[in-house]
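So this one's final.cif, mmCIF, C-alpha atoms and all ligand atoms:
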data_model
loop_
_atom_site.label_atom_id
_atom_site.label_comp_id
_atom_site.auth_asym_id
_atom_site.auth_seq_id
_atom_site.Cartn_x
_atom_site.Cartn_y
_atom_site.Cartn_z
CA MET A 29 142.30 30.29 51.11
CA THR A 30 139.54 29.94 48.53
CA ALA A 31 137.98 32.92 46.82
CA SER A 32 134.80 32.46 48.85
CA ASP A 33 136.83 32.36 52.13
CA LYS A 34 138.43 35.62 51.07
CA ASN A 35 135.05 37.16 50.36
CA GLU A 36 133.73 35.97 53.73
CA LYS A 37 136.74 37.56 55.45
CA LYS A 38 136.17 40.79 53.54
CA THR A 39 132.58 40.90 54.72
CA ARG A 40 132.89 39.71 58.31
CA GLY A 41 136.53 40.44 59.22
CA LYS A 42 137.61 43.29 61.49
CA ASN A 43 137.85 45.66 58.53
CA GLY A 44 134.97 44.02 56.69
CA ILE A 45 131.77 45.63 55.51
CA LEU A 46 129.67 44.00 58.23
CA HIS A 47 132.00 45.26 60.92
CA LYS A 48 131.81 48.76 59.50
CA LEU A 49 128.05 48.60 59.27
CA THR A 50 127.58 47.44 62.84
CA HIS A 51 130.21 49.73 64.29
CA GLY A 52 129.75 52.70 62.02
CA PHE A 53 133.43 53.57 61.75
CA THR A 54 136.53 52.05 60.22
CA ALA A 55 138.31 49.87 62.72
CA SER A 56 141.81 50.99 61.85
CA ILE A 57 141.18 54.53 63.12
CA PHE A 58 140.45 53.26 66.60
CA GLU A 59 143.20 50.75 67.17
CA GLY A 60 144.88 51.30 70.52
CA CYS A 61 142.12 53.68 71.55
CA ASP A 62 139.49 53.00 74.20
CA CYS A 63 136.81 55.08 72.58
CA GLN A 64 135.73 55.42 68.99
CA SER A 65 133.47 58.43 69.38
CA ASN A 66 135.87 60.71 71.15
CA TYR A 67 138.80 60.06 68.85
CA GLU A 68 138.62 63.45 67.28
CA GLN A 69 137.68 66.85 68.64
CA SER A 70 134.55 68.46 67.31
CA ARG A 71 134.96 71.36 64.92
CA GLY A 72 132.34 74.06 64.51
CA VAL A 73 131.31 73.80 60.86
CA SER A 74 130.35 76.52 58.40
CA ILE A 75 127.02 76.24 56.59
CA ARG A 76 126.02 77.89 53.35
CA ILE A 77 122.48 77.54 52.05
CA GLU A 78 121.98 78.63 48.46
CA ASN A 79 118.67 79.17 46.67
CA LEU A 80 116.92 76.38 48.56
CA ASN A 81 113.39 75.56 47.41
CA LYS A 82 110.98 72.95 48.70
CA SER A 83 107.30 72.34 48.05
CA PHE A 84 104.96 69.75 49.53
CA ASN A 85 102.11 68.66 47.25
CA GLY A 86 102.57 71.76 45.14
CA ASN A 87 102.61 74.13 48.14
CA PRO A 88 105.89 76.02 48.35
CA VAL A 89 107.27 75.95 51.91
CA LEU A 90 110.86 77.07 51.40
CA LYS A 91 111.21 79.82 48.84
CA ASP A 92 114.69 80.61 47.64
CA ILE A 93 116.37 80.46 51.04
CA ASN A 94 119.89 81.88 51.29
CA LEU A 95 121.82 81.80 54.55
CA GLU A 96 125.40 81.68 55.71
CA ILE A 97 126.30 80.46 59.17
CA ASN A 98 129.85 80.86 60.43
CA PRO A 99 131.90 78.18 62.19
CA GLY A 100 131.16 78.21 65.91
CA GLU A 101 128.28 80.62 65.55
CA THR A 102 125.02 80.43 67.54
CA PHE A 103 122.45 81.19 64.88
CA SER A 104 118.70 81.38 65.42
CA ILE A 105 115.93 81.12 62.89
CA ILE A 106 112.79 82.80 64.18
CA GLY A 107 109.35 83.38 62.78
CA PRO A 108 105.69 82.46 63.15
CA SER A 109 104.70 78.80 63.01
CA GLY A 110 104.14 77.21 59.65
CA THR A 111 106.85 79.21 57.88
CA GLY A 112 109.13 76.23 57.21
CA LYS A 113 111.64 76.57 60.06
CA SER A 114 111.54 72.88 60.99
CA VAL A 115 111.59 71.88 57.34
CA LEU A 116 114.72 73.97 56.88
CA LEU A 117 116.41 72.23 59.86
CA LYS A 118 115.53 68.85 58.38
CA HIS A 119 117.27 69.81 55.15
CA ILE A 120 120.46 70.67 57.04
CA VAL A 121 120.59 67.14 58.47
CA ARG A 122 119.43 65.51 55.20
CA LEU A 123 116.08 64.33 56.53
CA GLU A 124 114.54 66.21 53.60
CA LYS A 125 115.86 66.74 50.11
CA PRO A 126 115.35 70.11 48.35
CA ASP A 127 113.55 70.48 45.03
CA SER A 128 116.39 72.78 44.04
CA GLY A 129 119.29 74.60 45.65
CA HIS A 130 122.30 73.54 47.69
CA ILE A 131 123.57 73.27 51.24
CA TYR A 132 127.31 73.32 51.76
CA ILE A 133 128.87 72.29 55.06
CA ASP A 134 132.51 73.28 55.29
CA GLY A 135 132.33 73.83 51.55
CA HIS A 136 130.98 70.34 50.70
CA ASP A 137 127.59 69.91 49.07
CA ILE A 138 125.79 67.65 51.57
CA TYR A 139 123.53 66.12 48.92
CA ASP A 140 126.39 65.19 46.66
CA LEU A 141 127.08 61.71 47.95
CA SER A 142 129.50 60.88 45.16
CA GLU A 143 132.25 62.82 46.87
CA GLU A 144 134.49 60.94 49.33
CA ARG A 145 134.99 62.89 52.59
CA GLU A 146 137.84 62.60 54.99
CA ARG A 147 135.27 62.89 57.75
CA GLU A 148 131.52 63.48 57.65
CA TYR A 149 130.16 66.31 59.80
CA ARG A 150 128.70 65.03 63.06
CA TYR A 151 125.42 66.58 64.04
CA SER A 152 122.75 66.02 66.58
CA MET A 153 119.29 67.37 67.00
CA VAL A 154 117.53 68.25 70.26
CA PHE A 155 113.82 67.74 69.69
CA GLN A 156 111.03 69.77 71.21
CA SER A 157 109.74 66.80 73.20
CA SER A 158 113.24 65.96 74.57
CA ALA A 159 112.47 62.35 73.46
CA LEU A 160 113.94 60.71 76.56
CA PHE A 161 113.17 57.17 77.67
CA ASN A 162 111.23 57.36 80.93
CA SER A 163 112.15 53.84 81.94
CA LEU A 164 115.86 54.70 81.86
CA THR A 165 117.95 56.70 84.29
CA VAL A 166 119.49 60.02 83.32
CA GLY A 167 122.88 58.37 82.80
CA GLU A 168 121.41 55.57 80.70
CA ASN A 169 119.68 58.10 78.48
CA VAL A 170 122.90 60.05 77.96
CA GLY A 171 124.93 56.89 77.27
CA LEU A 172 122.36 55.24 75.04
CA TRP A 173 123.95 56.07 71.71
CA LEU A 174 127.46 55.20 72.89
CA ARG A 175 126.36 51.82 74.19
CA GLU A 176 124.15 51.05 71.21
CA LYS A 177 126.95 51.76 68.76
CA ARG A 178 129.47 50.10 71.06
CA VAL A 179 131.87 52.94 70.42
CA CYS A 180 133.61 52.83 73.80
CA ILE A 181 134.63 50.56 76.59
CA GLU A 182 132.25 50.78 79.56
CA SER A 183 134.50 52.76 81.91
CA ARG A 184 135.03 55.38 79.20
CA ILE A 185 131.28 55.59 78.55
CA ARG A 186 130.74 56.34 82.25
CA ARG A 187 133.36 59.08 82.11
CA ILE A 188 131.72 60.62 79.04
CA ILE A 189 128.27 60.54 80.71
CA ARG A 190 129.70 62.34 83.76
CA GLU A 191 131.44 64.90 81.61
CA LYS A 192 128.40 65.67 79.42
CA LEU A 193 126.12 65.98 82.46
CA ARG A 194 128.59 68.38 84.03
CA LEU A 195 128.47 70.51 80.87
CA VAL A 196 124.72 70.98 81.25
CA GLY A 197 124.84 71.59 85.01
CA LEU A 198 123.56 68.14 86.05
CA GLU A 199 126.69 66.75 87.61
CA GLY A 200 126.08 63.65 89.73
CA LYS A 201 122.50 63.15 88.53
CA GLU A 202 123.24 59.92 86.59
CA ASN A 203 121.04 57.72 88.76
CA MET A 204 117.91 59.86 88.79
CA MET A 205 114.96 58.45 86.89
CA THR A 206 113.98 60.55 83.90
CA SER A 207 110.38 60.57 85.08
CA GLU A 208 111.46 62.45 88.25
CA LEU A 209 112.85 65.40 86.29
CA SER A 210 111.33 68.82 85.65
CA GLY A 211 110.84 69.97 82.04
CA GLY A 212 114.00 72.09 82.13
CA MET A 213 116.11 69.23 83.49
CA LYS A 214 114.75 66.88 80.83
CA LYS A 215 115.80 69.32 78.18
CA ARG A 216 119.30 69.48 79.66
CA VAL A 217 119.54 65.67 79.71
CA ALA A 218 118.49 65.67 76.05
CA ILE A 219 121.31 68.15 75.33
CA ALA A 220 123.82 66.02 77.27
CA ARG A 221 122.75 63.02 75.21
CA SER A 222 123.24 65.02 72.01
CA LEU A 223 126.74 65.94 73.12
CA ALA A 224 127.75 62.30 73.66
CA MET A 225 129.06 61.98 70.12
CA ASN A 226 130.96 65.29 70.17
CA PRO A 227 128.86 66.92 67.46
CA ASP A 228 130.25 69.59 65.13
CA LEU A 229 126.74 70.95 64.77
CA ILE A 230 123.88 70.91 67.25
CA LEU A 231 120.36 71.83 66.20
CA TYR A 232 117.52 72.74 68.54
CA ASP A 233 113.92 72.72 67.34
CA GLU A 234 111.74 74.94 69.56
CA PRO A 235 113.80 74.30 72.70
CA THR A 236 111.63 76.49 74.94
CA ALA A 237 108.23 75.33 73.67
CA GLU A 238 107.25 73.58 76.89
CA LEU A 239 109.23 75.70 79.35
CA ASP A 240 108.24 78.58 81.61
CA PRO A 241 110.18 81.87 81.25
CA VAL A 242 112.54 81.23 84.20
CA THR A 243 113.45 77.76 82.92
CA SER A 244 113.88 79.18 79.42
CA ASP A 245 116.42 81.67 80.81
CA GLU A 246 118.32 78.83 82.51
CA LEU A 247 118.36 76.89 79.27
CA ALA A 248 119.67 79.93 77.40
CA ARG A 249 122.55 80.13 79.87
CA VAL A 250 123.33 76.41 79.43
CA ILE A 251 123.47 76.83 75.65
CA MET A 252 125.69 79.91 76.01
CA ASP A 253 128.02 78.04 78.40
CA LEU A 254 128.35 75.22 75.90
CA LYS A 255 129.43 77.69 73.27
CA SER A 256 132.21 78.97 75.51
CA GLN A 257 133.47 75.45 76.29
CA LEU A 258 133.04 73.53 73.04
CA ASP A 259 133.89 74.04 69.42
CA LEU A 260 130.53 73.57 67.76
CA THR A 261 128.07 75.43 65.57
CA THR A 262 124.58 75.88 67.01
CA ILE A 263 121.34 76.42 65.12
CA ILE A 264 118.17 77.18 67.02
CA VAL A 265 114.73 77.27 65.49
CA SER A 266 112.25 79.11 67.65
CA HIS A 267 109.23 81.32 67.73
CA ASP A 268 110.53 82.62 71.10
CA LEU A 269 111.98 85.95 70.09
CA ASN A 270 113.41 86.97 73.47
CA PHE A 271 115.19 83.63 73.88
CA ALA A 272 116.75 83.92 70.41
CA LEU A 273 117.78 87.55 70.89
CA TYR A 274 119.34 86.76 74.26
CA LEU A 275 121.69 83.97 73.23
CA SER A 276 122.34 84.27 69.49
CA ASP A 277 125.24 85.76 67.61
CA ARG A 278 122.89 86.34 64.69
CA VAL A 279 119.23 85.82 63.97
CA ALA A 280 117.34 85.20 60.72
CA MET A 281 113.69 86.12 60.60
CA MET A 282 111.47 83.97 58.39
CA ASN A 283 107.95 84.56 57.19
CA PRO A 284 105.90 82.73 54.54
CA ASN A 285 107.86 84.53 51.83
CA GLY A 286 111.24 83.30 53.06
CA VAL A 287 114.06 84.94 54.98
CA VAL A 288 113.05 88.52 55.69
CA GLU A 289 116.14 89.79 57.47
CA ILE A 290 119.39 88.54 59.01
CA GLY A 291 121.25 90.44 61.68
CA THR A 292 122.72 90.60 65.15
CA PRO A 293 120.22 90.74 68.01
CA GLU A 294 120.80 94.50 68.23
CA GLN A 295 120.13 94.97 64.52
CA ILE A 296 116.97 92.87 64.70
CA LYS A 297 115.72 94.72 67.79
CA HIS A 298 116.14 98.06 66.05
CA SER A 299 115.08 96.94 62.59
CA GLN A 300 112.62 99.22 60.83
CA ASN A 301 111.38 96.33 58.67
CA PRO A 302 107.60 96.26 59.27
CA VAL A 303 107.52 92.43 59.28
CA ILE A 304 110.03 92.36 62.13
CA ARG A 305 108.42 95.26 63.99
CA ASN A 306 105.11 93.43 63.79
CA PHE A 307 106.60 90.13 65.00
CA ILE A 308 108.30 91.88 67.91
CA TYR A 309 105.09 93.62 68.80
CA THR A 310 102.84 90.56 68.63
CA THR A 311 105.24 88.25 70.50
CA THR A 312 106.08 90.70 73.29
CA LYS A 313 102.94 92.83 73.18
CA GLY A 314 105.30 95.75 72.86
CA ILE A 315 106.71 95.25 76.36
CA LYS A 316 110.28 94.28 75.57
CA GLY A 317 110.46 95.30 71.94
CA ASP A 318 110.03 99.04 72.42
CA ASP A 319 113.63 99.88 73.29
N1 LIG A 401 106.49 66.06 55.22
C1 LIG A 401 105.60 67.03 54.95
N2 LIG A 401 104.60 66.83 54.07
C2 LIG A 401 103.72 67.80 53.77
N3 LIG A 401 103.75 69.03 54.31
C3 LIG A 401 104.71 69.29 55.22
C4 LIG A 401 105.68 68.32 55.58
N4 LIG A 401 106.53 68.87 56.48
C5 LIG A 401 106.09 70.12 56.67
N5 LIG A 401 105.01 70.38 55.91
C6 LIG A 401 104.29 71.66 55.87
O1 LIG A 401 105.25 72.69 55.69
C7 LIG A 401 104.84 73.87 56.39
C8 LIG A 401 105.98 74.35 57.27
O2 LIG A 401 106.17 73.42 58.32
P1 LIG A 401 107.23 73.60 59.47
O3 LIG A 401 108.58 73.66 58.90
O4 LIG A 401 106.96 72.50 60.45
O5 LIG A 401 106.85 75.00 60.10
P2 LIG A 401 107.47 75.73 61.35
O6 LIG A 401 108.54 74.85 61.93
O7 LIG A 401 107.99 77.05 60.87
O8 LIG A 401 106.34 75.92 62.30
C9 LIG A 401 103.58 73.51 57.15
O9 LIG A 401 102.49 73.99 56.42
C10 LIG A 401 103.59 72.00 57.17
O10 LIG A 401 102.30 71.48 57.21
MG MG A 402 108.58 73.84 63.73
#

Whole structure, C-alpha cells version:
Amino acid sequence: MTASDKNEKKTRGKNGILHKLTHGFTASIFEGCDCQSNYEQSRGVSIRIENLNKSFNGNPVLKDINLEINPGETFSIIGPSGTGKSVLLKHIVRLEKPDSGHIYIDGHDIYDLSEEREREYRYSMVFQSSALFNSLTVGENVGLWLREKRVCIESRIRRIIREKLRLVGLEGKENMMTSELSGGMKKRVAIARSLAMNPDLILYDEPTAELDPVTSDELARVIMDLKSQLDLTTIIVSHDLNFALYLSDRVAMMNPNGVVEIGTPEQIKHSQNPVIRNFIYTTTKGIKGDD
C-alpha cells in the first residue's frame, strides 16, 4: 500500500476522519450495537458558573454571574425580559463566548477545548417557538436527529420515538401531523425530540411563553415527570414566576444588575428582598405572592 493509499484509508475508512465527521462518533464504540445514540445512559451534570461577564457593543448584559447547579437539579432562572437570561443559556451551550469568567460542567471548563474528554456532555435546547417542521409527522419530528445523524438502525429509531413520546404523554401519536397539534402538544413533541439523544442537560427558553395557564400547568407536570424518570439536569429560563416556583428545586432571580437571589421556591416566595417582592407583585398582581 502506498503512502497516499494509507492516507486515503485514514480519511475515508471506517475509523477515518470523514467517517467520524459524518457520523459524529467513533465507530469502535458502537460495534455490535444497533444504536449509537443510546449506547450510554445520560448523567445529570453539575454546572458551575464563575464570574461570567459579557457585553454587546459596550453594553454589559451579564455582570459577574455566579451560579452552581447540582447534578439532576431542576433549576430556573427568572427575571424581567432583557436581563440576559437567554444570553446566559447560550453561554452554557457554547453558542456565546464570555468576555471573562468560566463555566465548568462536571468540573471541566467548557471553553477550554485543549482538554481531551472521555465524553462530551450531551445537551439539548427546547426553544420558545418549539421549532417543529409542519410538513412532518410527530414521529418524523422526534426521529429527525437520529435519522439525520444515522445513529441507529430504523427499527431502533422507531422504538426510541415511541419511548420518547410516551415520556411526554403522547403515546401513539407518531402519525399525527404537527400542524394538527395544539400549542401544548407541540411543546411536548419538541421535548420528545430533545430527548432523542439522551441528553445530560436539557435547557428550556421561555417554555410557557405561548401557552395558556392550564396548558402551562400540564407542561410543568411533564417536566416534573421527566425528572423522576430520567437522570438529567434541567435549566429553565422564564419570566413565568408561578411556573418556575411550581416545578423547580431552586430558582435564581436575575435583574439588570445580575443574580439577585438564589433559593428554593419557598425561600424565594418568602424573600424580603425588595427586588423579588416587586417582581412577585408585578407578575402576580399580588394574588399568589401574598402568602
Ligand atoms: N447577539 C447579540 N448582540 C447584541 N445584543 C444582544 C445579543 N444577544 C442579546 N443581546 C442583548 O442582550 C440583552 C439581554 O438579552 P436576552 O438574554 O435575550 O434577555 P432575556 O432573555 O432576559 O429577555 C438584550 O438587551 C439584548 O438586546
Ligand atoms: Mg429570553

**OP:** Would you kindly return, as a PyMOL selection string, each protein, DNA or RNA residue with an atom no farther than 12 Å from any atom of range 236-246 of chain A, considering all atoms listed in the file and excluding same-chain residues fewer than 2 positions away?
**Re:** chain A and resi 109+154-158+196-197+210-216+232-234+248-253+264-275

Please write the residues from the selection above to a file, keeping C-alpha atoms, as a compact mmCIF listing (two decimals), in the coordinates of the input.
# COMPACT_ATOMS: atom_id res chain seq x y z
CA SER A 109 104.70 78.80 63.01
CA VAL A 154 117.53 68.25 70.26
CA PHE A 155 113.82 67.74 69.69
CA GLN A 156 111.03 69.77 71.21
CA SER A 157 109.74 66.80 73.20
CA SER A 158 113.24 65.96 74.57
CA VAL A 196 124.72 70.98 81.25
CA GLY A 197 124.84 71.59 85.01
CA SER A 210 111.33 68.82 85.65
CA GLY A 211 110.84 69.97 82.04
CA GLY A 212 114.00 72.09 82.13
CA MET A 213 116.11 69.23 83.49
CA LYS A 214 114.75 66.88 80.83
CA LYS A 215 115.80 69.32 78.18
CA ARG A 216 119.30 69.48 79.66
CA TYR A 232 117.52 72.74 68.54
CA ASP A 233 113.92 72.72 67.34
CA GLU A 234 111.74 74.94 69.56
CA ALA A 248 119.67 79.93 77.40
CA ARG A 249 122.55 80.13 79.87
CA VAL A 250 123.33 76.41 79.43
CA ILE A 251 123.47 76.83 75.65
CA MET A 252 125.69 79.91 76.01
CA ASP A 253 128.02 78.04 78.40
CA ILE A 264 118.17 77.18 67.02
CA VAL A 265 114.73 77.27 65.49
CA SER A 266 112.25 79.11 67.65
CA HIS A 267 109.23 81.32 67.73
CA ASP A 268 110.53 82.62 71.10
CA LEU A 269 111.98 85.95 70.09
CA ASN A 270 113.41 86.97 73.47
CA PHE A 271 115.19 83.63 73.88
CA ALA A 272 116.75 83.92 70.41
CA LEU A 273 117.78 87.55 70.89
CA TYR A 274 119.34 86.76 74.26
CA LEU A 275 121.69 83.97 73.23

**OP:** Determine, counting all atoms listed in the file, which protein, DNA and RNA residues have an atom within 7 Å of an atom of Arg71 in chain A; residues of the same chain fewer than 3 positions away are not included. Present the result as a list of chain:residue names.
**Re:** A:Asp228, A:Asp259, A:Leu260

Original post:
If we count only C-alpha atoms, what is near Ser70 in chain A at a cut-off of 10 Å, once residues fewer than 6 positions away on the same chain are taken out, given as a VMD selection string?
Top reply: chain A and resid 149 to 151 225 to 229 258 to 261

Original post:
Can I get the residues close to ligand LIG 401 (chain A) as a PyMOL selection string, where close means within 7 Å and we count all atoms listed in the file?
Top reply: chain A and resi 84-85+89+107-116

Export, as a PDB file, in the coordinates of the input, the selected residues with C-alpha atoms.
ATOM      1  CA  PHE A  84     104.960  69.750  49.530  1.00  0.00           C
ATOM      2  CA  ASN A  85     102.110  68.660  47.250  1.00  0.00           C
ATOM      3  CA  VAL A  89     107.270  75.950  51.910  1.00  0.00           C
ATOM      4  CA  GLY A 107     109.350  83.380  62.780  1.00  0.00           C
ATOM      5  CA  PRO A 108     105.690  82.460  63.150  1.00  0.00           C
ATOM      6  CA  SER A 109     104.700  78.800  63.010  1.00  0.00           C
ATOM      7  CA  GLY A 110     104.140  77.210  59.650  1.00  0.00           C
ATOM      8  CA  THR A 111     106.850  79.210  57.880  1.00  0.00           C
ATOM      9  CA  GLY A 112     109.130  76.230  57.210  1.00  0.00           C
ATOM     10  CA  LYS A 113     111.640  76.570  60.060  1.00  0.00           C
ATOM     11  CA  SER A 114     111.540  72.880  60.990  1.00  0.00           C
ATOM     12  CA  VAL A 115     111.590  71.880  57.340  1.00  0.00           C
ATOM     13  CA  LEU A 116     114.720  73.970  56.880  1.00  0.00           C
TER      14      LEU A 116
END

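Take the candidates A:Leu117, A:Ile131, A:Met281, A:Ile77 and check each one against ligand MG 402 (chain A) using all atoms listed in the file; the shortest distance goes to A:Leu117.
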
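Shortest atom-to-atom contact with ligand MG 402 (chain A) among A:Pro99, A:Gly129, A:Pro235, A:Gly171: A:Pro235, counting only C-alpha atoms and all ligand atoms.
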
Subject >> Straight-line distance linking CA of Ser83 in chain A with CA of Pro126 in chain A, stated in Å to one decimal >> reply: 8.4 Å

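The spacing separating CA of Glu182 in chain A from CA of Ala220 in chain A amounts to 17.6 Å.
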
**OP:** Would you kindly return, as a PyMOL selection string, each protein, DNA or RNA residue with an atom no farther than 7 Å from any atom of range 284-293 of chain A, considering all atoms listed in the file and excluding same-chain residues fewer than 5 positions away?
**Re:** chain A and resi 90-93+111+273+276-279

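Separating CA of Ser152 in chain A from CA of Thr165 in chain A is a distance of 20.6 Å.
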
**OP:** Considering all atoms listed in the file, return as an MDAnalysis selection string whatever protein or nucleic-acid residues lie within 10 Å of Gly200 in chain A, sequence-local ones (same chain, fewer than 6 positions apart) excluded.
**Re:** chainID A and resid 166:167 189:191 193:194

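Here the question is which of A:Asn162, A:Leu247, A:Ile75, A:Glu168 gets nearest to Phe103 in chain A using all atoms listed in the file, and that residue is A:Ile75.
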
Final N, CA and C atoms of range 179-206 of chain A as a PDB file, in the coordinates of the input:
ATOM      1  N   VAL A 179     130.715  52.140  70.837  1.00  0.00           N
ATOM      2  CA  VAL A 179     131.870  52.940  70.420  1.00  0.00           C
ATOM      3  C   VAL A 179     132.954  53.013  71.490  1.00  0.00           C
ATOM      4  N   CYS A 180     132.626  52.676  72.738  1.00  0.00           N
ATOM      5  CA  CYS A 180     133.610  52.830  73.800  1.00  0.00           C
ATOM      6  C   CYS A 180     133.591  51.642  74.744  1.00  0.00           C
ATOM      7  N   ILE A 181     134.667  51.507  75.483  1.00  0.00           N
ATOM      8  CA  ILE A 181     134.630  50.560  76.590  1.00  0.00           C
ATOM      9  C   ILE A 181     133.805  51.186  77.718  1.00  0.00           C
ATOM     10  N   GLU A 182     133.238  50.331  78.579  1.00  0.00           N
ATOM     11  CA  GLU A 182     132.250  50.780  79.560  1.00  0.00           C
ATOM     12  C   GLU A 182     132.766  51.882  80.493  1.00  0.00           C
ATOM     13  N   SER A 183     134.023  51.743  80.960  1.00  0.00           N
ATOM     14  CA  SER A 183     134.500  52.760  81.910  1.00  0.00           C
ATOM     15  C   SER A 183     134.589  54.131  81.234  1.00  0.00           C
ATOM     16  N   ARG A 184     134.926  54.123  79.955  1.00  0.00           N
ATOM     17  CA  ARG A 184     135.030  55.380  79.200  1.00  0.00           C
ATOM     18  C   ARG A 184     133.633  55.978  78.993  1.00  0.00           C
ATOM     19  N   ILE A 185     132.656  55.108  78.726  1.00  0.00           N
ATOM     20  CA  ILE A 185     131.280  55.590  78.550  1.00  0.00           C
ATOM     21  C   ILE A 185     130.837  56.312  79.823  1.00  0.00           C
ATOM     22  N   ARG A 186     131.153  55.700  80.976  1.00  0.00           N
ATOM     23  CA  ARG A 186     130.740  56.340  82.250  1.00  0.00           C
ATOM     24  C   ARG A 186     131.406  57.703  82.415  1.00  0.00           C
ATOM     25  N   ARG A 187     132.654  57.792  82.008  1.00  0.00           N
ATOM     26  CA  ARG A 187     133.360  59.080  82.110  1.00  0.00           C
ATOM     27  C   ARG A 187     132.692  60.120  81.200  1.00  0.00           C
ATOM     28  N   ILE A 188     132.351  59.686  79.988  1.00  0.00           N
ATOM     29  CA  ILE A 188     131.720  60.620  79.040  1.00  0.00           C
ATOM     30  C   ILE A 188     130.368  61.089  79.591  1.00  0.00           C
ATOM     31  N   ILE A 189     129.582  60.161  80.149  1.00  0.00           N
ATOM     32  CA  ILE A 189     128.270  60.540  80.710  1.00  0.00           C
ATOM     33  C   ILE A 189     128.462  61.594  81.793  1.00  0.00           C
ATOM     34  N   ARG A 190     129.432  61.364  82.680  1.00  0.00           N
ATOM     35  CA  ARG A 190     129.700  62.340  83.760  1.00  0.00           C
ATOM     36  C   ARG A 190     130.057  63.696  83.191  1.00  0.00           C
ATOM     37  N   GLU A 191     130.948  63.653  82.185  1.00  0.00           N
ATOM     38  CA  GLU A 191     131.440  64.900  81.610  1.00  0.00           C
ATOM     39  C   GLU A 191     130.312  65.678  80.904  1.00  0.00           C
ATOM     40  N   LYS A 192     129.467  64.980  80.155  1.00  0.00           N
ATOM     41  CA  LYS A 192     128.400  65.670  79.420  1.00  0.00           C
ATOM     42  C   LYS A 192     127.340  66.212  80.391  1.00  0.00           C
ATOM     43  N   LEU A 193     127.084  65.469  81.474  1.00  0.00           N
ATOM     44  CA  LEU A 193     126.120  65.980  82.460  1.00  0.00           C
ATOM     45  C   LEU A 193     126.677  67.210  83.164  1.00  0.00           C
ATOM     46  N   ARG A 194     127.978  67.202  83.406  1.00  0.00           N
ATOM     47  CA  ARG A 194     128.590  68.380  84.030  1.00  0.00           C
ATOM     48  C   ARG A 194     128.415  69.613  83.120  1.00  0.00           C
ATOM     49  N   LEU A 195     128.579  69.403  81.817  1.00  0.00           N
ATOM     50  CA  LEU A 195     128.470  70.510  80.870  1.00  0.00           C
ATOM     51  C   LEU A 195     127.094  71.176  80.879  1.00  0.00           C
ATOM     52  N   VAL A 196     126.066  70.394  81.233  1.00  0.00           N
ATOM     53  CA  VAL A 196     124.720  70.980  81.250  1.00  0.00           C
ATOM     54  C   VAL A 196     124.242  71.266  82.671  1.00  0.00           C
ATOM     55  N   GLY A 197     125.175  71.240  83.626  1.00  0.00           N
ATOM     56  CA  GLY A 197     124.840  71.590  85.010  1.00  0.00           C
ATOM     57  C   GLY A 197     124.078  70.501  85.748  1.00  0.00           C
ATOM     58  N   LEU A 198     124.261  69.238  85.361  1.00  0.00           N
ATOM     59  CA  LEU A 198     123.560  68.140  86.050  1.00  0.00           C
ATOM     60  C   LEU A 198     124.568  67.119  86.593  1.00  0.00           C
ATOM     61  N   GLU A 199     125.652  67.638  87.095  1.00  0.00           N
ATOM     62  CA  GLU A 199     126.690  66.750  87.610  1.00  0.00           C
ATOM     63  C   GLU A 199     126.129  65.848  88.722  1.00  0.00           C
ATOM     64  N   GLY A 200     126.475  64.571  88.672  1.00  0.00           N
ATOM     65  CA  GLY A 200     126.080  63.650  89.730  1.00  0.00           C
ATOM     66  C   GLY A 200     124.637  63.186  89.680  1.00  0.00           C
ATOM     67  N   LYS A 201     123.925  63.514  88.598  1.00  0.00           N
ATOM     68  CA  LYS A 201     122.500  63.150  88.530  1.00  0.00           C
ATOM     69  C   LYS A 201     122.266  61.870  87.705  1.00  0.00           C
ATOM     70  N   GLU A 202     123.336  61.122  87.437  1.00  0.00           N
ATOM     71  CA  GLU A 202     123.240  59.920  86.590  1.00  0.00           C
ATOM     72  C   GLU A 202     122.116  58.973  86.981  1.00  0.00           C
ATOM     73  N   ASN A 203     121.942  58.794  88.318  1.00  0.00           N
ATOM     74  CA  ASN A 203     121.040  57.720  88.760  1.00  0.00           C
ATOM     75  C   ASN A 203     119.591  58.158  88.940  1.00  0.00           C
ATOM     76  N   MET A 204     119.317  59.434  88.687  1.00  0.00           N
ATOM     77  CA  MET A 204     117.910  59.860  88.790  1.00  0.00           C
ATOM     78  C   MET A 204     117.095  59.224  87.666  1.00  0.00           C
ATOM     79  N   MET A 205     115.831  58.948  87.954  1.00  0.00           N
ATOM     80  CA  MET A 205     114.960  58.450  86.890  1.00  0.00           C
ATOM     81  C   MET A 205     114.486  59.649  86.068  1.00  0.00           C
ATOM     82  N   THR A 206     114.386  59.459  84.784  1.00  0.00           N
ATOM     83  CA  THR A 206     113.980  60.550  83.900  1.00  0.00           C
ATOM     84  C   THR A 206     112.600  61.081  84.284  1.00  0.00           C
TER      85      THR A 206
END
